Structures are given as structure tokens and as C-alpha cells.
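What follows is entry20.cif (mmCIF, C-alpha atoms).
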```
data_query
loop_
_atom_site.label_atom_id
_atom_site.label_comp_id
_atom_site.auth_asym_id
_atom_site.auth_seq_id
_atom_site.Cartn_x
_atom_site.Cartn_y
_atom_site.Cartn_z
CA MET A 1 91.68 -25.90 101.27
CA ASP A 2 88.88 -23.87 99.72
CA VAL A 3 87.83 -24.18 96.06
CA PRO A 4 90.14 -21.46 94.64
CA GLN A 5 93.11 -23.00 96.44
CA VAL A 6 92.27 -26.48 95.15
CA LEU A 7 91.83 -25.25 91.57
CA THR A 8 95.08 -23.29 91.73
CA ARG A 9 96.90 -26.41 92.85
CA LEU A 10 95.10 -28.51 90.23
CA TYR A 11 96.26 -26.22 87.41
CA SER A 12 99.86 -26.27 88.66
CA ASP A 13 102.53 -28.59 87.25
CA GLU A 14 102.21 -30.75 90.36
CA GLY A 15 98.45 -30.98 89.99
CA ARG A 16 98.69 -31.91 86.34
CA GLN A 17 100.99 -34.80 87.15
CA ASP A 18 98.75 -36.09 89.95
CA PRO A 19 95.31 -34.45 90.16
CA TYR A 20 93.77 -37.04 92.46
CA PRO A 21 94.66 -35.36 95.79
CA CYS A 22 92.90 -32.26 94.45
CA TYR A 23 89.83 -34.30 93.58
CA ALA A 24 89.85 -35.82 97.07
CA ALA A 25 90.00 -32.32 98.54
CA LEU A 26 86.99 -31.30 96.44
CA HIS A 27 85.10 -34.35 97.69
CA GLU A 28 85.71 -33.17 101.24
CA LEU A 29 83.97 -29.90 100.34
CA GLY A 30 80.88 -31.73 99.03
CA PRO A 31 79.41 -33.14 95.80
CA VAL A 32 79.33 -29.67 94.24
CA SER A 33 81.02 -26.43 95.24
CA PRO A 34 80.53 -22.85 94.04
CA VAL A 35 83.39 -21.28 92.12
CA PRO A 36 84.05 -17.63 93.03
CA ALA A 37 83.65 -15.28 90.07
CA ARG A 38 87.02 -14.56 88.46
CA ALA A 39 88.13 -13.52 85.00
CA GLU A 40 89.75 -16.88 84.23
CA HIS A 41 86.53 -18.80 84.90
CA ARG A 42 83.86 -16.13 84.52
CA THR A 43 81.28 -18.50 83.02
CA VAL A 44 81.90 -21.35 85.49
CA ALA A 45 79.58 -21.18 88.48
CA ALA A 46 80.40 -24.49 90.17
CA VAL A 47 82.55 -27.59 90.10
CA ALA A 48 80.85 -30.98 90.60
CA VAL A 49 82.63 -34.13 91.76
CA GLY A 50 79.81 -36.25 93.24
CA TYR A 51 78.98 -39.31 91.15
CA ASP A 52 75.20 -39.02 91.46
CA LEU A 53 75.16 -35.30 90.77
CA VAL A 54 77.49 -35.48 87.76
CA SER A 55 75.42 -38.35 86.36
CA GLN A 56 72.22 -36.39 86.96
CA VAL A 57 73.42 -33.38 84.97
CA LEU A 58 74.76 -35.50 82.09
CA ARG A 59 71.48 -37.40 81.84
CA ASP A 60 69.36 -34.23 81.78
CA PRO A 61 68.96 -33.16 78.11
CA GLU A 62 68.14 -29.60 79.16
CA TRP A 63 71.66 -29.01 80.46
CA TYR A 64 73.47 -28.07 77.27
CA LYS A 65 76.89 -27.62 75.73
CA GLN A 66 77.66 -23.94 75.36
CA ALA A 67 79.36 -22.79 72.18
CA PRO A 68 82.41 -20.57 72.75
CA PRO A 69 82.10 -16.95 71.61
CA GLY A 70 83.32 -16.26 68.09
CA TRP A 71 83.43 -19.94 67.17
CA THR A 72 82.50 -19.30 63.53
CA GLU A 73 85.71 -17.29 63.08
CA GLN A 74 88.12 -20.07 64.14
CA GLU A 75 88.52 -23.17 61.99
CA VAL A 76 89.10 -25.55 64.88
CA LEU A 77 86.03 -24.28 66.74
CA ARG A 78 83.93 -24.36 63.58
CA THR A 79 84.94 -27.99 63.06
CA LEU A 80 84.07 -28.93 66.64
CA GLN A 81 80.79 -27.01 66.67
CA THR A 82 79.56 -28.72 63.51
CA SER A 83 80.10 -32.20 64.97
CA MET A 84 77.77 -34.28 67.08
CA MET A 85 80.12 -34.23 70.08
CA PHE A 86 79.79 -30.50 70.60
CA VAL A 87 76.24 -29.62 69.54
CA ASN A 88 72.87 -29.96 71.23
CA PRO A 89 69.54 -31.39 70.06
CA PRO A 90 68.05 -31.33 67.50
CA ASP A 91 71.32 -31.18 65.50
CA HIS A 92 72.98 -33.65 67.87
CA THR A 93 70.11 -36.11 67.51
CA ARG A 94 70.18 -35.82 63.71
CA MET A 95 73.94 -36.36 63.40
CA ARG A 96 74.27 -39.06 66.05
CA ALA A 97 71.53 -41.15 64.45
CA VAL A 98 73.65 -41.39 61.30
CA PHE A 99 76.79 -42.60 63.08
CA ALA A 100 75.04 -44.76 65.67
CA LYS A 101 74.05 -47.10 62.85
CA THR A 102 77.73 -47.86 62.24
CA PHE A 103 78.48 -49.03 65.81
CA THR A 104 76.18 -52.05 65.78
CA PRO A 105 76.90 -55.39 67.46
CA ARG A 106 77.36 -56.91 64.00
CA ARG A 107 80.03 -54.36 63.05
CA LEU A 108 81.74 -54.75 66.42
CA GLY A 109 81.83 -58.51 65.91
CA ALA A 110 83.36 -57.98 62.49
CA LEU A 111 86.08 -55.83 64.10
CA GLU A 112 87.30 -58.63 66.38
CA PRO A 113 89.48 -60.38 63.77
CA ALA A 114 91.05 -57.04 62.81
CA VAL A 115 91.87 -56.27 66.44
CA VAL A 116 93.42 -59.70 67.01
CA ARG A 117 95.42 -59.47 63.78
CA VAL A 118 96.85 -56.04 64.63
CA VAL A 119 97.57 -57.08 68.24
CA ASP A 120 99.50 -60.15 67.12
CA GLU A 121 101.47 -58.15 64.53
CA LEU A 122 102.50 -55.65 67.20
CA LEU A 123 103.41 -58.40 69.68
CA ASP A 124 105.54 -60.12 67.04
CA ARG A 125 107.37 -56.85 66.44
CA MET A 126 107.97 -56.43 70.18
CA ALA A 127 109.28 -60.01 70.40
CA ASP A 128 111.65 -59.46 67.48
CA ALA A 129 113.11 -56.43 69.26
CA GLY A 130 114.16 -58.60 72.21
CA ASP A 131 114.53 -57.13 75.68
CA THR A 132 116.29 -53.91 74.76
CA GLY A 133 113.50 -51.82 76.29
CA PHE A 134 110.76 -50.11 74.33
CA ASP A 135 108.14 -47.38 74.57
CA PHE A 136 104.81 -49.14 75.10
CA VAL A 137 102.85 -46.14 73.82
CA ALA A 138 104.77 -45.87 70.56
CA GLU A 139 104.93 -49.63 69.96
CA PHE A 140 101.49 -50.78 71.13
CA ALA A 141 99.08 -48.39 72.88
CA TYR A 142 99.00 -45.90 70.00
CA PRO A 143 99.28 -48.06 66.86
CA LEU A 144 96.66 -50.60 67.94
CA PRO A 145 93.58 -48.32 68.22
CA ALA A 146 94.88 -46.01 65.49
CA ARG A 147 95.25 -48.84 62.97
CA VAL A 148 91.95 -50.48 63.93
CA MET A 149 89.97 -47.24 63.66
CA ALA A 150 91.79 -46.23 60.47
CA GLU A 151 90.83 -49.55 58.90
CA PHE A 152 87.25 -49.21 60.14
CA ILE A 153 86.81 -45.61 58.98
CA GLY A 154 88.91 -45.88 55.83
CA ILE A 155 92.06 -43.85 56.54
CA PRO A 156 95.18 -45.15 54.75
CA ALA A 157 97.65 -46.58 57.29
CA GLU A 158 100.53 -44.58 55.80
CA GLU A 159 98.72 -41.34 56.73
CA LEU A 160 98.52 -42.07 60.47
CA ASP A 161 101.69 -40.17 61.42
CA PHE A 162 100.42 -37.11 59.56
CA TYR A 163 97.06 -37.51 61.28
CA ARG A 164 98.44 -37.94 64.79
CA GLN A 165 100.46 -34.74 64.70
CA ARG A 166 97.38 -32.70 63.83
CA VAL A 167 95.16 -34.45 66.38
CA GLU A 168 97.68 -33.66 69.12
CA ARG A 169 97.56 -29.94 68.27
CA ILE A 170 93.77 -29.94 68.61
CA ASP A 171 93.96 -31.88 71.89
CA ASP A 172 96.49 -29.38 73.26
CA PHE A 173 94.04 -26.59 72.53
CA LEU A 174 91.14 -28.46 74.18
CA ASP A 175 92.91 -28.63 77.54
CA VAL A 176 91.42 -26.34 80.18
CA ALA A 177 94.64 -24.31 80.15
CA GLY A 178 95.17 -24.60 76.40
CA LYS A 179 93.39 -21.50 75.15
CA THR A 180 96.54 -19.57 74.28
CA PRO A 181 96.95 -17.69 70.97
CA GLN A 182 99.77 -20.03 69.98
CA ARG A 183 97.75 -23.19 70.62
CA LEU A 184 94.69 -21.71 68.91
CA ALA A 185 96.74 -20.90 65.79
CA ALA A 186 98.26 -24.40 65.73
CA ALA A 187 94.83 -26.00 66.19
CA ASN A 188 93.32 -23.86 63.43
CA THR A 189 96.06 -24.95 61.04
CA ALA A 190 95.61 -28.60 62.07
CA ALA A 191 91.83 -28.42 61.53
CA THR A 192 92.30 -26.81 58.12
CA GLU A 193 94.73 -29.54 57.07
CA LEU A 194 92.49 -32.33 58.37
CA ARG A 195 89.49 -30.90 56.54
CA ALA A 196 91.49 -30.84 53.31
CA PHE A 197 92.67 -34.40 54.00
CA TYR A 198 89.11 -35.71 54.42
CA THR A 199 87.76 -33.72 51.47
CA GLU A 200 90.34 -35.38 49.23
CA LEU A 201 89.66 -38.80 50.78
CA ILE A 202 85.91 -38.42 50.25
CA ALA A 203 86.48 -37.49 46.60
CA HIS A 204 88.65 -40.58 46.20
CA ARG A 205 85.97 -42.81 47.75
CA ARG A 206 83.40 -41.39 45.32
CA ARG A 207 85.59 -42.53 42.46
CA ARG A 208 86.63 -45.84 44.03
CA PRO A 209 84.32 -46.88 46.90
CA GLY A 210 85.38 -49.58 49.35
CA GLU A 211 83.88 -51.40 52.33
CA ASP A 212 84.90 -48.78 54.93
CA LEU A 213 82.78 -46.31 56.89
CA ILE A 214 83.65 -43.32 54.68
CA SER A 215 82.55 -45.12 51.52
CA GLY A 216 79.23 -46.05 53.06
CA LEU A 217 78.57 -42.58 54.41
CA VAL A 218 79.54 -40.85 51.16
CA GLU A 219 77.14 -43.08 49.27
CA ALA A 220 74.35 -42.35 51.77
CA VAL A 221 74.99 -38.59 51.73
CA ASP A 222 75.03 -38.45 47.92
CA ALA A 223 71.81 -40.45 47.71
CA GLY A 224 70.08 -38.17 50.21
CA ASP A 225 69.55 -41.11 52.56
CA VAL A 226 71.01 -39.39 55.63
CA PRO A 227 70.37 -35.86 56.94
CA LEU A 228 74.01 -34.81 56.84
CA THR A 229 75.88 -32.26 54.74
CA GLU A 230 79.35 -33.04 53.43
CA ASP A 231 80.74 -30.26 55.64
CA GLU A 232 79.18 -31.96 58.69
CA LEU A 233 80.45 -35.33 57.49
CA VAL A 234 84.02 -34.00 57.49
CA SER A 235 83.64 -32.43 60.95
CA ASN A 236 82.22 -35.61 62.42
CA LEU A 237 84.89 -37.84 60.89
CA ILE A 238 87.62 -35.66 62.42
CA VAL A 239 86.04 -35.72 65.87
CA LEU A 240 84.94 -39.38 65.72
CA PHE A 241 88.39 -40.69 64.87
CA ASN A 242 89.99 -38.57 67.57
CA ALA A 243 87.49 -39.57 70.25
CA ALA A 244 87.55 -43.23 69.31
CA PHE A 245 91.30 -43.77 69.47
CA VAL A 246 92.87 -41.21 71.83
CA THR A 247 90.82 -42.45 74.79
CA THR A 248 91.84 -46.02 73.95
CA VAL A 249 95.53 -45.09 73.80
CA TYR A 250 95.28 -43.77 77.35
CA MET A 251 93.21 -46.73 78.51
CA PHE A 252 96.18 -48.93 77.58
CA SER A 253 99.00 -46.65 78.73
CA ASN A 254 97.29 -45.73 82.01
CA GLY A 255 96.04 -49.25 82.60
CA LEU A 256 99.13 -51.36 82.07
CA PRO A 257 101.05 -49.93 85.08
CA LEU A 258 97.98 -50.64 87.22
CA LEU A 259 97.96 -54.25 86.10
CA LEU A 260 101.71 -54.67 86.57
CA ALA A 261 101.34 -53.26 90.09
CA HIS A 262 98.90 -56.13 90.75
CA PRO A 263 100.78 -59.16 89.38
CA GLU A 264 98.16 -61.62 90.62
CA VAL A 265 95.59 -59.93 88.35
CA ALA A 266 97.99 -59.63 85.42
CA ALA A 267 98.87 -63.33 85.65
CA ALA A 268 95.22 -64.41 85.81
CA LEU A 269 94.00 -62.22 82.94
CA PRO A 270 94.82 -64.57 80.02
CA GLY A 271 91.99 -67.05 79.68
CA ASP A 272 89.63 -65.26 82.09
CA ASP A 273 87.25 -63.08 80.08
CA ALA A 274 85.15 -62.05 83.09
CA LEU A 275 88.24 -60.88 84.98
CA THR A 276 89.48 -59.03 81.90
CA ARG A 277 86.18 -57.19 81.50
CA GLY A 278 86.28 -56.22 85.16
CA ALA A 279 89.90 -55.07 84.88
CA VAL A 280 89.15 -52.92 81.83
CA ASP A 281 86.20 -51.30 83.61
CA GLU A 282 88.30 -50.68 86.73
CA ILE A 283 91.12 -49.14 84.68
CA LEU A 284 88.62 -46.78 83.11
CA ARG A 285 87.19 -45.89 86.51
CA LEU A 286 90.52 -45.24 88.22
CA GLU A 287 92.29 -43.60 85.27
CA ALA A 288 89.58 -42.08 83.08
CA PRO A 289 91.19 -40.60 79.94
CA VAL A 290 88.74 -37.66 79.88
CA HIS A 291 88.72 -35.77 83.17
CA PHE A 292 86.38 -32.83 82.49
CA LEU A 293 83.13 -32.00 80.79
CA ALA A 294 81.00 -28.88 81.13
CA ARG A 295 77.28 -28.22 80.92
CA ALA A 296 75.39 -24.95 81.01
CA ALA A 297 72.21 -24.40 83.00
CA PRO A 298 69.02 -24.04 80.94
CA ARG A 299 67.55 -21.66 83.55
CA ASP A 300 68.30 -20.24 86.98
CA THR A 301 68.49 -23.26 89.22
CA VAL A 302 69.97 -24.73 92.39
CA LEU A 303 72.25 -27.73 91.95
CA GLY A 304 73.03 -29.65 95.10
CA GLY A 305 72.42 -26.52 97.13
CA VAL A 306 74.58 -24.30 94.89
CA PRO A 307 72.83 -21.54 92.88
CA VAL A 308 73.62 -21.63 89.16
CA GLU A 309 72.35 -18.86 86.90
CA ARG A 310 70.99 -19.51 83.45
CA ASP A 311 73.76 -20.07 80.84
CA GLN A 312 76.44 -20.48 83.50
CA ASN A 313 78.57 -23.60 83.29
CA VAL A 314 79.13 -26.34 85.81
CA LEU A 315 82.47 -28.12 85.50
CA LEU A 316 81.80 -31.85 85.75
CA VAL A 317 84.89 -33.75 86.88
CA LEU A 318 84.38 -37.29 85.60
CA ALA A 319 87.65 -38.55 87.05
CA ALA A 320 86.64 -37.30 90.50
CA ALA A 321 83.12 -38.72 90.24
CA ASN A 322 84.68 -42.10 89.44
CA ARG A 323 86.45 -41.93 92.81
CA ASP A 324 83.48 -40.72 94.84
CA PRO A 325 83.82 -42.48 98.23
CA ALA A 326 80.04 -42.34 98.62
CA ARG A 327 79.67 -44.68 95.63
CA PHE A 328 83.00 -46.51 95.53
CA PRO A 329 84.29 -47.65 98.93
CA ASP A 330 88.09 -47.32 99.18
CA PRO A 331 87.92 -45.47 95.85
CA ASP A 332 91.67 -45.33 95.14
CA ARG A 333 92.07 -49.12 95.29
CA PHE A 334 92.26 -51.16 92.09
CA ASP A 335 89.65 -53.92 92.29
CA PRO A 336 88.59 -55.71 89.08
CA HIS A 337 85.83 -57.48 91.05
CA ARG A 338 84.40 -54.19 92.32
CA PRO A 339 80.59 -54.05 92.51
CA GLY A 340 78.71 -50.81 92.16
CA PRO A 341 77.66 -48.39 89.43
CA PRO A 342 79.43 -48.14 86.07
CA SER A 343 82.17 -45.57 85.71
CA LEU A 344 81.56 -42.28 83.92
CA ALA A 345 84.73 -42.62 81.85
CA PHE A 346 82.78 -42.43 78.59
CA GLY A 347 80.10 -40.08 79.89
CA VAL A 348 76.42 -40.93 80.08
CA GLY A 349 73.22 -39.69 78.52
CA LEU A 350 72.88 -38.01 75.12
CA HIS A 351 76.61 -37.65 74.54
CA PHE A 352 77.70 -41.09 75.73
CA CYS A 353 80.81 -41.91 73.71
CA LEU A 354 79.97 -43.87 70.55
CA GLY A 355 83.43 -45.43 70.58
CA ALA A 356 83.10 -46.86 74.11
CA ALA A 357 82.26 -50.35 72.89
CA VAL A 358 85.25 -50.33 70.51
CA SER A 359 87.62 -49.27 73.32
CA ARG A 360 86.34 -51.98 75.64
CA LEU A 361 86.57 -54.55 72.85
CA GLU A 362 90.21 -53.67 72.18
CA GLY A 363 91.04 -53.79 75.88
CA ARG A 364 89.30 -57.15 76.33
CA LEU A 365 91.09 -58.72 73.37
CA ALA A 366 94.52 -57.08 73.62
CA LEU A 367 95.46 -57.10 77.31
CA PRO A 368 95.26 -60.89 77.83
CA ARG A 369 97.26 -61.54 74.65
CA LEU A 370 99.90 -59.00 75.69
CA LEU A 371 100.29 -60.47 79.19
CA ALA A 372 100.27 -64.07 77.94
CA ARG A 373 103.01 -63.28 75.44
CA PHE A 374 105.10 -61.23 77.86
CA PRO A 375 104.33 -62.32 81.44
CA ARG A 376 107.43 -60.60 82.83
CA LEU A 377 106.75 -57.09 81.59
CA ALA A 378 108.20 -54.43 83.88
CA VAL A 379 108.18 -50.64 83.91
CA ALA A 380 111.73 -49.42 83.24
CA GLU A 381 111.37 -45.70 83.98
CA GLN A 382 108.91 -43.25 85.50
CA PRO A 383 106.00 -42.80 83.08
CA ILE A 384 105.63 -39.42 81.35
CA TYR A 385 102.12 -37.97 81.46
CA SER A 386 100.52 -35.71 78.89
CA GLY A 387 100.29 -32.79 81.31
CA SER A 388 96.73 -32.15 80.13
CA LEU A 389 93.80 -31.85 82.50
CA PHE A 390 91.27 -32.61 79.75
CA LEU A 391 92.77 -35.72 78.14
CA ARG A 392 95.07 -37.11 80.82
CA GLY A 393 97.25 -40.08 80.11
CA ILE A 394 100.72 -41.53 79.83
CA ASP A 395 102.45 -40.41 76.64
CA LYS A 396 105.65 -42.39 77.19
CA LEU A 397 105.98 -45.67 79.08
CA LEU A 398 109.33 -47.48 78.87
CA LEU A 399 109.13 -51.23 79.50
CA HIS A 400 111.31 -54.32 79.58
CA THR A 401 109.83 -57.62 78.47
CA GLY A 402 111.90 -59.66 80.96
CA ARG A 403 112.80 -62.11 78.24
CA ARG A 404 112.43 -62.39 74.52
CA GLU A 405 109.11 -64.15 74.54
CA ALA A 406 106.98 -66.34 76.77
CA ALA A 407 107.55 -70.04 76.27
#
```
Take the structure from the file and write it as C-alpha cells.
Amino acid sequence: MDVPQVLTRLYSDEGRQDPYPCYAALHELGPVSPVPARAEHRTVAAVAVGYDLVSQVLRDPEWYKQAPPGWTEQEVLRTLQTSMMFVNPPDHTRMRAVFAKTFTPRRLGALEPAVVRVVDELLDRMADAGDTGFDFVAEFAYPLPARVMAEFIGIPAEELDFYRQRVERIDDFLDVAGKTPQRLAAANTAATELRAFYTELIAHRRRRPGEDLISGLVEAVDAGDVPLTEDELVSNLIVLFNAAFVTTVYMFSNGLPLLLAHPEVAAALPGDDALTRGAVDEILRLEAPVHFLARAAPRDTVLGGVPVERDQNVLLVLAAANRDPARFPDPDRFDPHRPGPPSLAFGVGLHFCLGAAVSRLEGRLALPRLLARFPRLAVAEQPIYSGSLFLRGIDKLLLHTGRREAA
């Protein structure tokens, strides 16, 4: 197949359910392929799937994130474009420096007891339900990272259902096929409501500060200690919470079926921290939650033999780069002992995900406790995927515990 045929298949319902054959077909065409000029991808000059080439572009600070036209007129785009995840230096550098101080080894260490406490509460609830079957996403994969990040940031736990609904509308819009008028309108409404939510929460923290991230940042902003406006603070809190927990939800929901398909690994995970770390990394490589990023060329250039004009975008397929046969022999095989380069699941370079360490921490602590408590977990029905090509993951995963609780 040529590139247009592969992309057409990728955007189909079949491709959304299983994009990996499409990525393999792109690998056969080379590390990077030109994309013929068409109305639906007029600013995309090429699609890159080679690990080394994708890493090269992400590490080069001159390749930049291009703001969509008319972004100031849409609330969701204005929110995204005033956050560190979507802007370029020097604004990116200024904003990221503020939040990078919050993801220190000391803070991560302080999170461990909270993660363990929430994990054990969720496992107790699953045990109390018996073996009637349950949705792993609803009962574990979603509430764990959501509750941990809410506690860390300072979002009241009772507001999480409200929050999730609005985050999902923004994620739907972010998908490569999500730019419909209906999804834009829903995302604009969601962004407006989230901005109002955080504005009220910030005002509350000014009156009654706590030990959470919002309290600390509000104090620093008000004192002039950090180069951040309150408007930027709100935008970054919206994007940070979304990025820090949605990817972790999919790490769990995508990863558990992989582990259950390899019972020897699942059985050995409890008590083996090195194996657990390797399994988490391999889950992220094989089933990266974020499949696409894009970068625009700073000047007319040639990338891997493909001409790219200034300001044209290259679509960087992280999930394909993570299965590059040139860097990962037998790339579709799950191997928690796999040597080789780190996966690109959380990106690399300037925009490397700040929440990566939190996601890995939750995976390292939660998966062994889950499998020790319920060693006979089994998938009850075919998993239901999100259908998104941007944030791809299992949204519903029905399981049986096999028995009430491990002895």
C-alpha cells in the first residue's frame, strides 16, 4: 500500500480498533514518507515512524508546535495555547520551570503512601463485590490516577465525575478526526466550565490555603515569585491534570490484558520490582496511550530524504516508532526484559511529559498489589477501545476475579 491508502485505512473504523498493521505498513515504506497534498492534511508534509528520526525531531528545539488558525477565538484552543504543553520557547521554558519544581523526587516519594492507600481501598471494594464481574476501567484504572492526581493538585474528590465528563469532550476534539463543529462546540463549553471551576477553586484556596499544588502555586503567583499569570495558571492546571491521569488510565487498561496474556509474568510480578519496572516500560512501548504528535519545520529542510517546507508539519507516530523493527527486534512481542532504547510513550526533549514519573510510580506500585490480591483475574469480554487515534486506549474492560480474594 502507498501512504494515502495506509492513512485511509488507519482513519477507518477498522484502523482505529487496530492501527498496528497500518504502522507496520508505514515501516515498510521507510522511516519517513511524504504525504501527498490534500485538503484534509494540507499542512502535513510527511509522516514519520522511524524511532531514530522521530526522536531526532522531538529533541530538536527548532522544530516547533504550530498554533491552529483562529485559536484566540475558540475557548478550548485558547486554553491549550496558553499552556506549556502547546507553546514553544520562551513561553514554554518559563511555564515549565514553574511546574517542574513540583515533580521532584521528594514529592514523588511523598506520593507513594497516597498511591498505596488508594490502591488498597479500590482492591477492597473489588473484593467486596465478589466475582460478579466488573469493569476494570471504572473500578480501578480510572479512579486510581484520578484520585491520586486530584489529591496532589487539590481537586475535591467529589468533583471528579464532573471533571471527567469535560476532559473527555476535550479529548474527543483533540483526536485527528475530531475537528467537527459539534466536537468543537462541546470542547469549548467544557473548557469554559473547567476555567470557571478552577477560578472558583483558586479563590477558595486564597481564603483557605492547604498543602496541595494549587495552594502553593496561588501563593507563589500572588507573591510575584513565579512568572505566571492567573490565566496561564488555570490553563496549565487543566492540561496538567488531563495529561497526568488520562495516559495512566490507558497504561492500566491497555496493560492488564497484556499481562494476563502472559501469566508467567503476571504471577512473578508481586515481589519483583525489577520485573515490574520492565513490564511497565514494555506496556508503554507496546501500547503507548498517545499515538501522534506533530512538529513544524523551522525552515525548508530535508528530513530522512523527504523535502519539508518551512512551517509544514511532520506527523510523528510515537506508537509506530515504539515498534520500529530496526530498534526493537520482534517489535510486536511483549518482553519485560527487553534491552534497547527507552520508549517514546511520554515523548522526549523539551515537551517530555512531566507526569511520566507519576504514571510509572503508579504502575510500579499498583500492578503487583492487584495481581497478588487477585491472581486469577480473567478478561470476560472483548475490550472496548476509545476509537481515538490521538489518545488510544481501552475504555471498558470487563473482568472476573476468579474467586473472591487471594488467600
Using only C-alpha atoms, which of A:Met95, A:Met251, A:Leu397, A:Val302 sits nearest A:Glu230? A:Met95
Quick one: distance from atom CA of A:Ala357 to atom CA of A:His337 in Å, one decimal? 19.8 Å
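Coordinates place atom CA of A:Pro113 at a distance of 25.3 Å from atom CA of A:Val218.
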Report as an MDAnalysis selection string the full result of the PyMOL selection byres ((chain A and resi 316) around 8) when it is applied to this structure. chainID A and resid 47:49 54 292:295 314:315 317:318
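Between A:Ala378 and the candidates A:Arg147, A:Ala191, A:Gly133, A:Ser83, the tightest atom-to-atom separation, counting all atoms listed in the file, involves A:Gly133.
Here the question is which of A:Gly363, A:Gly355, A:Pro21, A:Gly109 gets nearest to A:Leu7 using only C-alpha atoms, and that residue is A:Pro21.
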